[in-house]
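Structure file protein-v1.txt (compact mmCIF, C-alpha atoms) is printed below.
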```
# COMPACT_ATOMS: atom_id res chain seq x y z
CA MET K 30 17.74 -85.16 2.38
CA ASN K 31 19.18 -84.00 -0.88
CA SER K 32 22.94 -83.82 -0.40
CA HIS K 33 23.28 -81.22 -3.13
CA VAL K 34 21.87 -78.46 -0.94
CA VAL K 35 22.30 -77.03 2.53
CA ALA K 36 18.90 -77.37 4.16
CA VAL K 37 17.65 -74.70 6.52
CA PHE K 38 14.48 -75.10 8.47
CA VAL K 39 12.90 -71.90 9.73
CA SER K 40 9.92 -72.69 11.90
CA LEU K 41 7.66 -69.75 12.57
CA THR K 42 5.60 -70.40 15.63
CA LEU K 43 1.90 -69.81 15.86
CA ALA K 44 2.05 -69.87 19.63
CA GLY K 45 0.94 -66.64 21.17
CA ALA K 46 2.47 -66.55 24.60
CA ALA K 47 5.30 -68.53 26.07
CA PHE K 48 8.10 -68.75 23.55
CA ALA K 49 9.86 -71.55 25.37
CA GLN K 50 6.72 -73.65 25.37
CA SER K 51 5.69 -73.00 21.80
CA PRO K 52 4.89 -76.00 19.56
CA ALA K 53 7.77 -75.00 17.30
CA SER K 54 10.29 -75.30 20.10
CA LYS K 55 9.12 -78.83 20.78
CA ILE K 56 10.01 -80.03 17.30
CA ALA K 57 12.93 -82.40 17.53
CA PRO K 58 15.94 -81.44 15.40
CA GLN K 59 15.86 -83.36 12.15
CA LYS K 60 18.94 -84.89 10.64
CA GLY K 61 20.42 -82.75 7.93
CA TRP K 62 18.44 -79.64 8.77
CA LEU K 63 19.97 -76.49 10.22
CA ASN K 64 18.05 -73.90 12.18
CA ASP K 65 20.62 -71.14 12.11
CA LEU K 66 20.63 -69.08 8.95
CA ASN K 67 24.12 -67.66 9.49
CA ALA K 68 25.53 -71.12 10.10
CA ALA K 69 23.78 -72.31 6.96
CA ARG K 70 25.26 -69.45 4.96
CA ALA K 71 28.71 -70.29 6.27
CA GLN K 72 28.24 -73.93 5.37
CA ALA K 73 26.96 -73.02 1.91
CA GLN K 74 29.98 -70.77 1.42
CA LYS K 75 32.36 -73.49 2.53
CA THR K 76 30.82 -76.31 0.53
CA GLY K 77 29.71 -74.32 -2.51
CA LYS K 78 26.20 -75.72 -2.20
CA PRO K 79 23.01 -73.71 -2.52
CA MET K 80 20.61 -73.44 0.40
CA MET K 81 17.05 -74.66 0.68
CA VAL K 82 15.37 -72.42 3.25
CA VAL K 83 12.02 -73.70 4.46
CA PHE K 84 9.62 -71.48 6.36
CA ARG K 85 6.91 -73.26 8.21
CA CYS K 86 4.24 -71.87 10.46
CA ASP K 87 3.70 -74.59 13.05
CA PRO K 88 0.08 -75.48 13.67
CA MET T 6 20.15 -72.10 17.80
CA ARG T 7 16.84 -72.26 16.04
CA LEU T 8 15.05 -69.45 14.28
CA LEU T 9 11.57 -69.56 15.66
CA ARG T 10 10.33 -66.03 15.36
CA ILE T 11 9.67 -63.97 12.29
CA GLU T 12 11.02 -60.90 14.11
CA ASN T 13 14.49 -62.23 13.34
CA ILE T 14 13.90 -62.50 9.61
CA ASP T 15 14.86 -59.76 7.16
CA LEU T 16 11.58 -59.46 5.29
CA ASN T 17 13.23 -57.71 2.37
CA VAL T 18 15.26 -60.85 1.71
CA PHE T 19 12.64 -63.39 2.69
CA GLU T 20 9.62 -61.75 1.15
CA PHE T 21 6.98 -64.41 0.69
CA ASP T 22 3.24 -64.84 0.97
CA TRP T 23 3.01 -64.62 4.74
CA ASP T 24 -0.49 -66.12 4.72
CA LEU T 25 1.10 -69.44 3.80
CA THR T 26 1.99 -72.07 6.35
CA TRP T 27 4.85 -73.40 4.22
CA ALA T 28 7.21 -71.70 1.81
CA THR T 29 10.66 -72.46 0.45
CA PHE T 30 13.51 -70.38 -0.91
CA PHE T 31 16.47 -71.67 -2.90
CA MET T 32 19.45 -69.36 -2.68
CA ASN T 33 23.23 -69.27 -2.53
CA ALA T 34 25.53 -68.04 0.21
CA SER T 35 25.70 -64.61 -1.45
CA GLY T 36 21.98 -64.16 -1.03
CA LYS T 37 20.95 -64.70 -4.64
CA VAL T 38 17.50 -66.28 -4.66
CA TYR T 39 17.28 -68.79 -7.49
CA ALA T 40 13.71 -69.93 -7.00
CA ARG T 41 10.81 -70.36 -4.60
CA TYR T 42 8.48 -73.21 -4.01
CA GLY T 43 5.08 -73.20 -2.32
CA GLY T 44 2.12 -70.98 -3.00
CA ARG T 45 -1.54 -71.79 -3.10
CA ASP T 46 -4.93 -70.67 -4.33
CA GLY T 47 -8.39 -70.45 -2.81
CA LYS T 48 -9.11 -74.12 -3.43
CA GLY T 49 -6.73 -75.41 -0.79
CA PRO T 50 -3.17 -75.36 0.56
CA ASP T 51 -1.92 -78.27 -1.52
CA THR T 52 -3.51 -77.74 -4.90
CA ARG T 53 -0.36 -76.25 -6.42
CA ASN T 54 2.36 -78.30 -4.75
CA THR T 55 3.68 -81.76 -5.54
CA LEU T 56 6.84 -83.62 -4.58
CA GLU T 57 7.60 -84.06 -8.27
CA GLY T 58 7.18 -80.33 -8.76
CA LEU T 59 9.52 -79.61 -5.87
CA ARG T 60 12.08 -81.98 -7.38
CA TYR T 61 11.77 -80.27 -10.76
CA THR T 62 12.40 -76.87 -9.20
CA MET T 63 15.36 -78.21 -7.20
CA GLN T 64 16.91 -79.64 -10.36
CA ALA T 65 16.52 -76.30 -12.10
CA VAL T 66 18.10 -74.56 -9.11
CA LEU T 67 21.10 -76.90 -9.13
CA THR T 68 21.61 -76.32 -12.84
CA GLU T 69 21.48 -72.58 -12.31
CA HIS T 70 23.74 -72.71 -9.26
CA ARG T 71 26.44 -74.69 -11.08
CA LYS T 72 26.76 -71.96 -13.68
CA ASP T 73 27.99 -69.50 -11.05
CA PRO T 74 27.84 -70.64 -7.41
CA ALA T 75 28.96 -67.21 -6.18
CA ALA T 76 26.44 -65.21 -8.23
CA LYS T 77 25.30 -62.03 -6.51
CA PRO T 78 21.68 -60.89 -6.26
CA GLU T 79 20.61 -58.86 -9.31
CA ALA T 80 19.47 -55.91 -7.23
CA PRO T 81 21.48 -54.33 -4.43
CA ALA T 82 20.33 -55.37 -0.98
CA GLU T 83 17.58 -53.21 0.44
CA LYS T 84 17.76 -51.89 3.98
CA PRO T 85 16.79 -54.81 6.22
CA LEU T 86 13.16 -54.86 7.29
CA TYR T 87 12.38 -56.48 10.60
CA ILE T 88 8.71 -56.59 11.48
CA ASN T 89 9.13 -55.58 15.11
CA GLN T 90 10.78 -52.34 13.97
CA VAL T 91 7.67 -51.27 12.05
CA PRO T 92 5.81 -48.68 14.20
CA ALA T 93 2.44 -50.41 13.71
CA ALA T 94 3.88 -53.56 15.34
CA LYS T 95 3.94 -51.86 18.74
CA SER T 96 0.39 -52.99 19.49
CA TYR T 97 1.32 -56.64 18.89
CA ARG T 98 2.56 -58.51 21.94
CA GLY T 99 4.14 -61.93 22.15
CA CYS T 100 5.09 -63.92 19.11
CA ILE T 101 4.07 -62.43 15.79
CA HIS T 102 2.25 -64.90 13.59
CA CYS T 103 3.24 -65.17 9.95
CA HIS T 104 0.01 -63.63 8.65
CA GLN T 105 0.29 -60.81 11.18
CA VAL T 106 3.24 -59.49 9.17
CA LYS T 107 0.70 -58.59 6.50
CA GLU T 108 -1.66 -57.11 9.05
CA ILE T 109 1.12 -54.96 10.53
CA LEU T 110 2.37 -53.77 7.16
CA ARG T 111 -1.22 -52.99 6.11
CA GLN T 112 -1.82 -51.01 9.30
CA GLU T 113 1.43 -49.16 8.76
CA ALA T 114 0.35 -48.29 5.21
CA ILE T 115 -3.01 -47.07 6.51
CA ASN T 116 -1.28 -45.01 9.20
CA THR T 117 1.04 -43.40 6.67
CA GLY T 118 -1.66 -42.84 4.06
CA THR T 119 -0.13 -45.19 1.49
CA TRP T 120 -2.67 -48.04 1.65
CA ASN T 121 -4.33 -49.08 -1.58
CA ARG T 122 -7.45 -51.25 -1.55
CA GLU T 123 -6.02 -53.40 -4.32
CA SER T 124 -3.13 -54.32 -2.04
CA ILE T 125 -5.30 -56.99 -0.38
CA TYR T 126 -4.96 -58.98 -3.61
CA THR T 127 -1.49 -60.26 -2.92
CA TYR T 128 0.34 -62.95 -4.89
CA PRO T 129 -2.00 -63.05 -7.91
CA LEU T 130 -2.43 -66.29 -9.80
CA PRO T 131 -0.86 -66.72 -13.27
CA GLU T 132 -4.43 -67.58 -14.32
CA ASN T 133 -5.13 -63.87 -13.98
CA LEU T 134 -3.10 -63.46 -17.15
CA GLY T 135 -4.68 -66.55 -18.68
CA ILE T 136 -1.86 -68.99 -17.89
CA THR T 137 -2.21 -72.28 -16.05
CA LEU T 138 1.17 -73.74 -15.16
CA ASP T 139 1.98 -77.42 -15.07
CA LEU T 140 1.90 -78.96 -11.59
CA VAL T 141 5.21 -80.77 -12.04
CA ARG T 142 7.14 -78.68 -14.54
CA GLY T 143 6.31 -75.51 -12.71
CA ASN T 144 7.38 -73.09 -15.43
CA GLN T 145 5.74 -74.92 -18.31
CA VAL T 146 2.45 -73.61 -19.63
CA LYS T 147 -0.25 -76.25 -19.38
CA GLN T 148 -3.21 -74.21 -20.59
CA VAL T 149 -3.88 -70.78 -22.01
CA LYS T 150 -7.31 -69.26 -21.59
CA PRO T 151 -8.75 -68.20 -24.94
CA ALA T 152 -8.81 -64.42 -25.49
CA SER T 153 -6.76 -63.82 -22.33
CA LEU T 154 -3.77 -61.47 -22.20
CA ALA T 155 -1.39 -64.41 -22.52
CA ASP T 156 -3.34 -65.80 -25.45
CA LYS T 157 -3.23 -62.44 -27.22
CA ALA T 158 0.52 -62.28 -26.57
CA GLY T 159 0.93 -65.61 -28.36
CA VAL T 160 1.67 -67.91 -25.44
CA LYS T 161 0.81 -71.55 -26.19
CA PRO T 162 0.49 -74.71 -24.11
CA GLY T 163 3.89 -76.37 -23.84
CA ASP T 164 5.80 -73.09 -23.84
CA VAL T 165 8.27 -72.62 -20.99
CA LEU T 166 8.19 -69.35 -19.07
CA ARG T 167 11.64 -67.88 -18.51
CA THR T 168 10.87 -64.56 -16.90
CA LEU T 169 7.74 -62.78 -15.77
CA ASN T 170 7.87 -59.15 -14.77
CA GLY T 171 11.64 -59.47 -15.18
CA ARG T 172 11.99 -62.26 -12.61
CA PRO T 173 13.12 -65.80 -13.36
CA ILE T 174 10.42 -68.46 -13.26
CA TYR T 175 10.97 -72.06 -12.21
CA SER T 176 7.79 -72.68 -10.27
CA PHE T 177 4.23 -71.57 -9.55
CA ALA T 178 5.55 -69.73 -6.48
CA ASP T 179 8.03 -67.82 -8.66
CA ALA T 180 5.17 -66.76 -10.93
CA GLN T 181 3.05 -65.65 -7.99
CA TYR T 182 5.95 -63.64 -6.55
CA ALA T 183 6.70 -62.03 -9.91
CA LEU T 184 3.06 -61.03 -10.24
CA HIS T 185 2.95 -59.82 -6.64
CA LYS T 186 5.70 -57.34 -7.53
CA ALA T 187 3.91 -56.21 -10.70
CA PRO T 188 2.05 -52.88 -10.83
CA TYR T 189 -1.64 -52.52 -10.01
CA GLU T 190 -2.06 -51.22 -13.53
CA GLY T 191 0.44 -51.02 -16.38
CA LYS T 192 2.76 -53.41 -18.17
CA ILE T 193 4.18 -56.80 -17.33
CA SER T 194 7.01 -58.25 -19.39
CA LEU T 195 6.93 -61.91 -20.28
CA ALA T 196 9.66 -64.07 -21.84
CA TRP T 197 9.29 -67.70 -22.77
CA THR T 198 10.74 -70.37 -25.00
CA ARG T 199 9.07 -72.67 -27.51
CA ASP T 200 11.14 -75.62 -28.64
CA GLY T 201 14.14 -73.76 -27.27
CA ASN T 202 13.48 -70.61 -29.27
CA PRO T 203 13.15 -67.42 -27.21
CA LEU T 204 9.98 -65.33 -27.44
CA ASN T 205 8.80 -62.33 -25.49
CA SER T 206 5.97 -59.88 -25.14
CA THR T 207 4.55 -57.22 -22.87
CA LEU T 208 1.12 -57.57 -21.32
CA ALA T 209 -0.98 -54.51 -20.51
CA VAL T 210 -2.90 -55.08 -17.28
CA GLY T 211 -5.84 -52.95 -16.25
CA PRO T 212 -7.44 -52.10 -12.92
CA GLY T 213 -8.46 -55.13 -10.90
CA TRP T 214 -6.23 -57.61 -12.74
CA ARG T 215 -4.76 -58.87 -9.44
CA ARG T 216 -8.10 -59.97 -8.01
CA THR T 217 -8.37 -63.55 -6.83
CA ASN T 218 -10.17 -65.42 -4.09
CA VAL T 219 -8.71 -64.04 -0.88
CA THR T 220 -11.21 -65.53 1.56
CA TRP T 221 -8.73 -68.19 2.76
CA ARG T 222 -6.19 -65.62 3.90
CA PRO T 223 -5.94 -65.34 7.69
CA SER T 224 -4.47 -61.84 7.37
CA LEU T 225 -7.78 -60.61 5.98
CA LEU T 226 -10.17 -62.11 8.52
CA ASP T 227 -10.72 -58.69 10.07
CA LEU T 228 -11.45 -57.14 6.67
CA LEU T 229 -13.80 -59.55 4.91
CA PRO T 230 -17.52 -59.06 5.55
CA SER T 231 -20.15 -61.67 6.30
CA LEU T 232 -23.51 -60.89 4.80
CA THR T 233 -25.97 -62.38 7.28
CA VAL T 234 -28.69 -63.34 4.83
CA TYR T 235 -29.43 -66.94 3.99
CA GLY T 236 -32.16 -69.08 2.55
CA THR T 237 -33.17 -71.42 -0.21
CA ASP T 238 -32.35 -70.92 -3.88
CA LEU T 239 -35.46 -70.48 -5.99
CA THR T 240 -36.35 -73.18 -8.49
CA ALA T 241 -36.20 -72.44 -12.21
CA LYS T 242 -40.00 -72.29 -12.22
CA GLU T 243 -40.10 -69.82 -9.35
CA LYS T 244 -37.52 -67.64 -11.07
CA GLN T 245 -39.49 -67.74 -14.28
CA ALA T 246 -42.60 -66.59 -12.39
CA LEU T 247 -40.64 -63.58 -11.17
CA GLY T 248 -39.29 -62.83 -14.64
CA LEU T 249 -35.75 -63.93 -13.79
CA ASP T 250 -33.38 -65.99 -15.91
CA GLU T 251 -32.82 -69.57 -14.81
CA LYS T 252 -29.20 -68.98 -13.75
CA ARG T 253 -29.81 -65.66 -12.03
CA LEU T 254 -29.10 -65.31 -8.33
CA ALA T 255 -32.37 -65.57 -6.40
CA PHE T 256 -32.87 -67.02 -2.94
CA ARG T 257 -35.64 -66.54 -0.42
CA GLN T 258 -34.70 -65.30 3.05
CA ASP T 259 -35.54 -67.99 5.58
CA GLU T 260 -36.80 -67.63 9.10
CA PRO T 261 -35.41 -66.39 11.46
CA VAL T 262 -33.78 -63.28 10.03
CA HIS T 263 -30.42 -62.55 11.65
CA SER T 264 -30.49 -59.38 13.76
CA ALA T 265 -27.83 -57.78 11.54
CA ALA T 266 -29.90 -58.54 8.43
CA LYS T 267 -33.00 -57.20 10.17
CA ALA T 268 -31.11 -54.00 10.87
CA MET T 269 -30.39 -53.75 7.14
CA GLY T 270 -34.11 -54.02 6.45
CA VAL T 271 -34.26 -57.63 5.30
CA GLN T 272 -37.56 -59.40 5.97
CA ILE T 273 -38.66 -63.04 5.96
CA GLY T 274 -39.55 -64.08 2.42
CA ASP T 275 -37.52 -61.39 0.70
CA VAL T 276 -35.96 -62.72 -2.48
CA ILE T 277 -32.35 -61.52 -2.74
CA VAL T 278 -31.42 -61.08 -6.39
CA GLY T 279 -28.21 -59.09 -6.35
CA ILE T 280 -25.95 -56.46 -4.94
CA ASP T 281 -25.17 -53.06 -6.40
CA ASN T 282 -27.47 -53.82 -9.34
CA LYS T 283 -25.17 -56.54 -10.65
CA LYS T 284 -26.94 -59.34 -12.48
CA LEU T 285 -25.19 -62.28 -10.88
CA GLU T 286 -25.55 -65.84 -12.07
CA MET T 287 -24.85 -67.93 -8.98
CA SER T 288 -26.32 -69.74 -6.01
CA MET T 289 -26.78 -68.33 -2.50
CA ASP T 290 -23.57 -69.98 -1.27
CA GLU T 291 -21.63 -68.54 -4.17
CA PHE T 292 -23.19 -65.14 -3.52
CA LEU T 293 -22.06 -65.06 0.10
CA GLY T 294 -18.53 -65.96 -1.09
CA TYR T 295 -18.79 -63.33 -3.80
CA VAL T 296 -19.50 -60.64 -1.22
CA ARG T 297 -16.51 -61.74 0.88
CA GLN T 298 -14.28 -61.72 -2.17
CA ASN T 299 -15.33 -58.36 -3.51
CA TYR T 300 -16.21 -56.15 -0.56
CA LEU T 301 -14.55 -55.11 2.67
CA ILE T 302 -15.97 -54.46 6.11
CA GLY T 303 -17.14 -50.88 6.40
CA GLU T 304 -17.99 -50.46 2.73
CA THR T 305 -21.55 -49.68 1.73
CA ALA T 306 -23.54 -51.55 -0.87
CA THR T 307 -27.08 -51.85 -2.14
CA LEU T 308 -28.78 -55.17 -1.62
CA ASN T 309 -31.28 -55.81 -4.41
CA VAL T 310 -34.39 -57.54 -3.16
CA LEU T 311 -37.80 -58.57 -4.49
CA ARG T 312 -40.50 -58.19 -1.86
CA ASN T 313 -43.95 -59.39 -2.83
CA GLY T 314 -42.77 -59.26 -6.43
CA LYS T 315 -41.65 -55.64 -6.23
CA ARG T 316 -38.06 -54.42 -6.31
CA VAL T 317 -36.71 -52.99 -3.05
CA ASP T 318 -33.15 -51.69 -2.67
CA LEU T 319 -31.63 -51.85 0.78
CA SER T 320 -28.58 -49.74 1.61
CA VAL T 321 -26.26 -51.80 3.76
CA LYS T 322 -23.02 -51.11 5.56
CA LEU T 323 -21.06 -54.33 5.47
CA LYS T 324 -19.82 -55.86 8.72
```
Would you mind writing the file out in structure tokens?
Amino acid sequence: MNSHVVAVFVSLTLAGAAFAQSPASKIAPQKGWLNDLNAARAQAQKTGKPMMVVFRCDP
Amino acid sequence: MRLLRIENIDLNVFEFDWDLTWATFFMNASGKVYARYGGRDGKGPDTRNTLEGLRYTMQAVLTEHRKDPAAKPEAPAEKPLYINQVPAAKSYRGCIHCHQVKEILRQEAINTGTWNRESIYTYPLPENLGITLDLVRGNQVKQVKPASLADKAGVKPGDVLRTLNGRPIYSFADAQYALHKAPYEGKISLAWTRDGNPLNSTLAVGPGWRRTNVTWRPSLLDLLPSLTVYGTDLTAKEKQALGLDEKRLAFRQDEPVHSAAKAMGVQIGDVIVGIDNKKLEMSMDEFLGYVRQNYLIGETATLNVLRNGKRVDLSVKLK
């Protein structure tokens, strides 16, 4: 993970029905990645780093 | 907490090609978007992305960010747009898929009478202006198509794009986004540097300039027709016997004829030579792709056929 940026991972599920059982929700948190945009903004504000926001549609 | 649903995303801030399965924004805490990375063409999802290219864009972003970490977005924030608040989204239940954002916005435009057929050609390629960008240095011009708009404007290989349609360019995705926001017809500004020296021009784009291969886009699956004819391409000798050029589209309908083709009037042995009187130089496979790229379900067309050596025109409603 590039330490010069705040990394945000936004996973957009392709699952149609049960949110809690969607493939996206099964993805284990990855070190260095945030999943909360507001928290990422706050961290970026505090650290002065830019954010890398990744959108991914889970297969 | 994890953000798993696109309903929670302000689409006016995170406006990207929702047909993609992967897209990246680089921005600061104030909401200024420095650059994007991602994007694709009809050849495949990875043809425009490389790790080296991502690194190049990230370096450019860091350089830009260091100039003013608290920089504000150039334009004032638009009213937030959440997809589940769009009236046309009411018929969608459960999680909304990425590409369904496009479907919902299209339906909303149809419902409100603002839909334009050209709007299916989203995120045009820089090649539409004649520019091929470098895979690694995403804002550097690799090739310029002779006689293209970019060529006429004086763009040369090796030049570095700075802005396109008034938006900063650091990557292929930036260029696609800039072109996505450009008018269906009119002018597109272009600024670039050559050996550090700034240059600029304005390109005049005409109707249809946005058109690219859209057949890979899941948001359009309900719009793109399948012409149910198939068969074997004629040999050069067979074409010559029918008075057709060697490269001209000409394939013989095989047996059995699909029921939908039968309903259009197609018969076994018909030689399909075109659509809407266009003299197309392509194979059968290319022709079927051509129809999907250039027509929509529900539109009518004329299928040009040779039957026993005589021209027959079949009026078809595409499905």
Chain K contacts on chain T, only C-alpha atoms, 9 Å, as an mmCIF file with C-alpha atoms, keeping the file's coordinate frame:
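Output file iface.cif follows:
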```
data_model
loop_
_atom_site.group_PDB
_atom_site.id
_atom_site.type_symbol
_atom_site.label_atom_id
_atom_site.label_comp_id
_atom_site.auth_asym_id
_atom_site.auth_seq_id
_atom_site.Cartn_x
_atom_site.Cartn_y
_atom_site.Cartn_z
ATOM 1 C CA MET T 6 20.150 -72.100 17.800
ATOM 2 C CA ARG T 7 16.840 -72.260 16.040
ATOM 3 C CA LEU T 8 15.050 -69.450 14.280
ATOM 4 C CA LEU T 9 11.570 -69.560 15.660
ATOM 5 C CA ARG T 10 10.330 -66.030 15.360
ATOM 6 C CA ILE T 11 9.670 -63.970 12.290
ATOM 7 C CA LEU T 25 1.100 -69.440 3.800
ATOM 8 C CA THR T 26 1.990 -72.070 6.350
ATOM 9 C CA TRP T 27 4.850 -73.400 4.220
ATOM 10 C CA ALA T 28 7.210 -71.700 1.810
ATOM 11 C CA THR T 29 10.660 -72.460 0.450
ATOM 12 C CA PHE T 30 13.510 -70.380 -0.910
ATOM 13 C CA PHE T 31 16.470 -71.670 -2.900
ATOM 14 C CA MET T 32 19.450 -69.360 -2.680
ATOM 15 C CA ASN T 33 23.230 -69.270 -2.530
ATOM 16 C CA ALA T 34 25.530 -68.040 0.210
ATOM 17 C CA SER T 35 25.700 -64.610 -1.450
ATOM 18 C CA GLY T 36 21.980 -64.160 -1.030
ATOM 19 C CA MET T 63 15.360 -78.210 -7.200
ATOM 20 C CA VAL T 66 18.100 -74.560 -9.110
ATOM 21 C CA LEU T 67 21.100 -76.900 -9.130
ATOM 22 C CA HIS T 70 23.740 -72.710 -9.260
ATOM 23 C CA ARG T 71 26.440 -74.690 -11.080
ATOM 24 C CA PRO T 74 27.840 -70.640 -7.410
ATOM 25 C CA ALA T 75 28.960 -67.210 -6.180
ATOM 26 C CA ARG T 98 2.560 -58.510 21.940
ATOM 27 C CA GLY T 99 4.140 -61.930 22.150
ATOM 28 C CA CYS T 100 5.090 -63.920 19.110
ATOM 29 C CA ILE T 101 4.070 -62.430 15.790
ATOM 30 C CA HIS T 102 2.250 -64.900 13.590
ATOM 31 C CA CYS T 103 3.240 -65.170 9.950
#
```
For CA of Asp15 in chain T and CA of Lys84 in chain T, determine how far apart the two atoms are, in Å to one decimal place. 9.0 Å
Show me, as a short mmCIF file (atom, residue, chain, number, x, y, z; two decimals) with C-alpha atoms, in the coordinates of the input, the residues that have an atom within 12 Å of Gln258 in chain T when counting all atoms listed in the file, minus same-chain residues fewer than 2 positions from it.
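Ended up saving to result.cif:
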```
data_model
loop_
_atom_site.label_atom_id
_atom_site.label_comp_id
_atom_site.auth_asym_id
_atom_site.auth_seq_id
_atom_site.Cartn_x
_atom_site.Cartn_y
_atom_site.Cartn_z
CA THR T 233 -25.97 -62.38 7.28
CA VAL T 234 -28.69 -63.34 4.83
CA TYR T 235 -29.43 -66.94 3.99
CA GLY T 236 -32.16 -69.08 2.55
CA THR T 237 -33.17 -71.42 -0.21
CA ASP T 238 -32.35 -70.92 -3.88
CA LEU T 239 -35.46 -70.48 -5.99
CA ALA T 255 -32.37 -65.57 -6.40
CA PHE T 256 -32.87 -67.02 -2.94
CA GLU T 260 -36.80 -67.63 9.10
CA PRO T 261 -35.41 -66.39 11.46
CA VAL T 262 -33.78 -63.28 10.03
CA HIS T 263 -30.42 -62.55 11.65
CA ALA T 266 -29.90 -58.54 8.43
CA LYS T 267 -33.00 -57.20 10.17
CA GLY T 270 -34.11 -54.02 6.45
CA VAL T 271 -34.26 -57.63 5.30
CA GLN T 272 -37.56 -59.40 5.97
CA ILE T 273 -38.66 -63.04 5.96
CA GLY T 274 -39.55 -64.08 2.42
CA ASP T 275 -37.52 -61.39 0.70
CA VAL T 276 -35.96 -62.72 -2.48
CA ILE T 277 -32.35 -61.52 -2.74
CA VAL T 278 -31.42 -61.08 -6.39
CA MET T 289 -26.78 -68.33 -2.50
CA VAL T 310 -34.39 -57.54 -3.16
CA LEU T 311 -37.80 -58.57 -4.49
CA ARG T 312 -40.50 -58.19 -1.86
#
```
Just how far from CA of Pro78 in chain T is CA of Tyr182 in chain T, in Å to one decimal?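 Spanning CA of Tyr182 in chain T to CA of Pro78 in chain T is a straight-line distance of 16.0 Å.
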Between T:Asn205, T:Gln112, T:Gln245, T:Asn299, which residue has the minimum interatomic distance to Lys95 in chain T, considering only C-alpha atoms?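 Distance minimum relative to Lys95 in chain T lands on T:Gln112.
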Residue neighbourhood Leu184 in chain T, 12 Å, all atoms listed in the file, exclusion window fewer than 6 positions, as a ChimeraX atom specification: /T:22,126-134,168-174,177-178,190,192-195,208,210,214-216
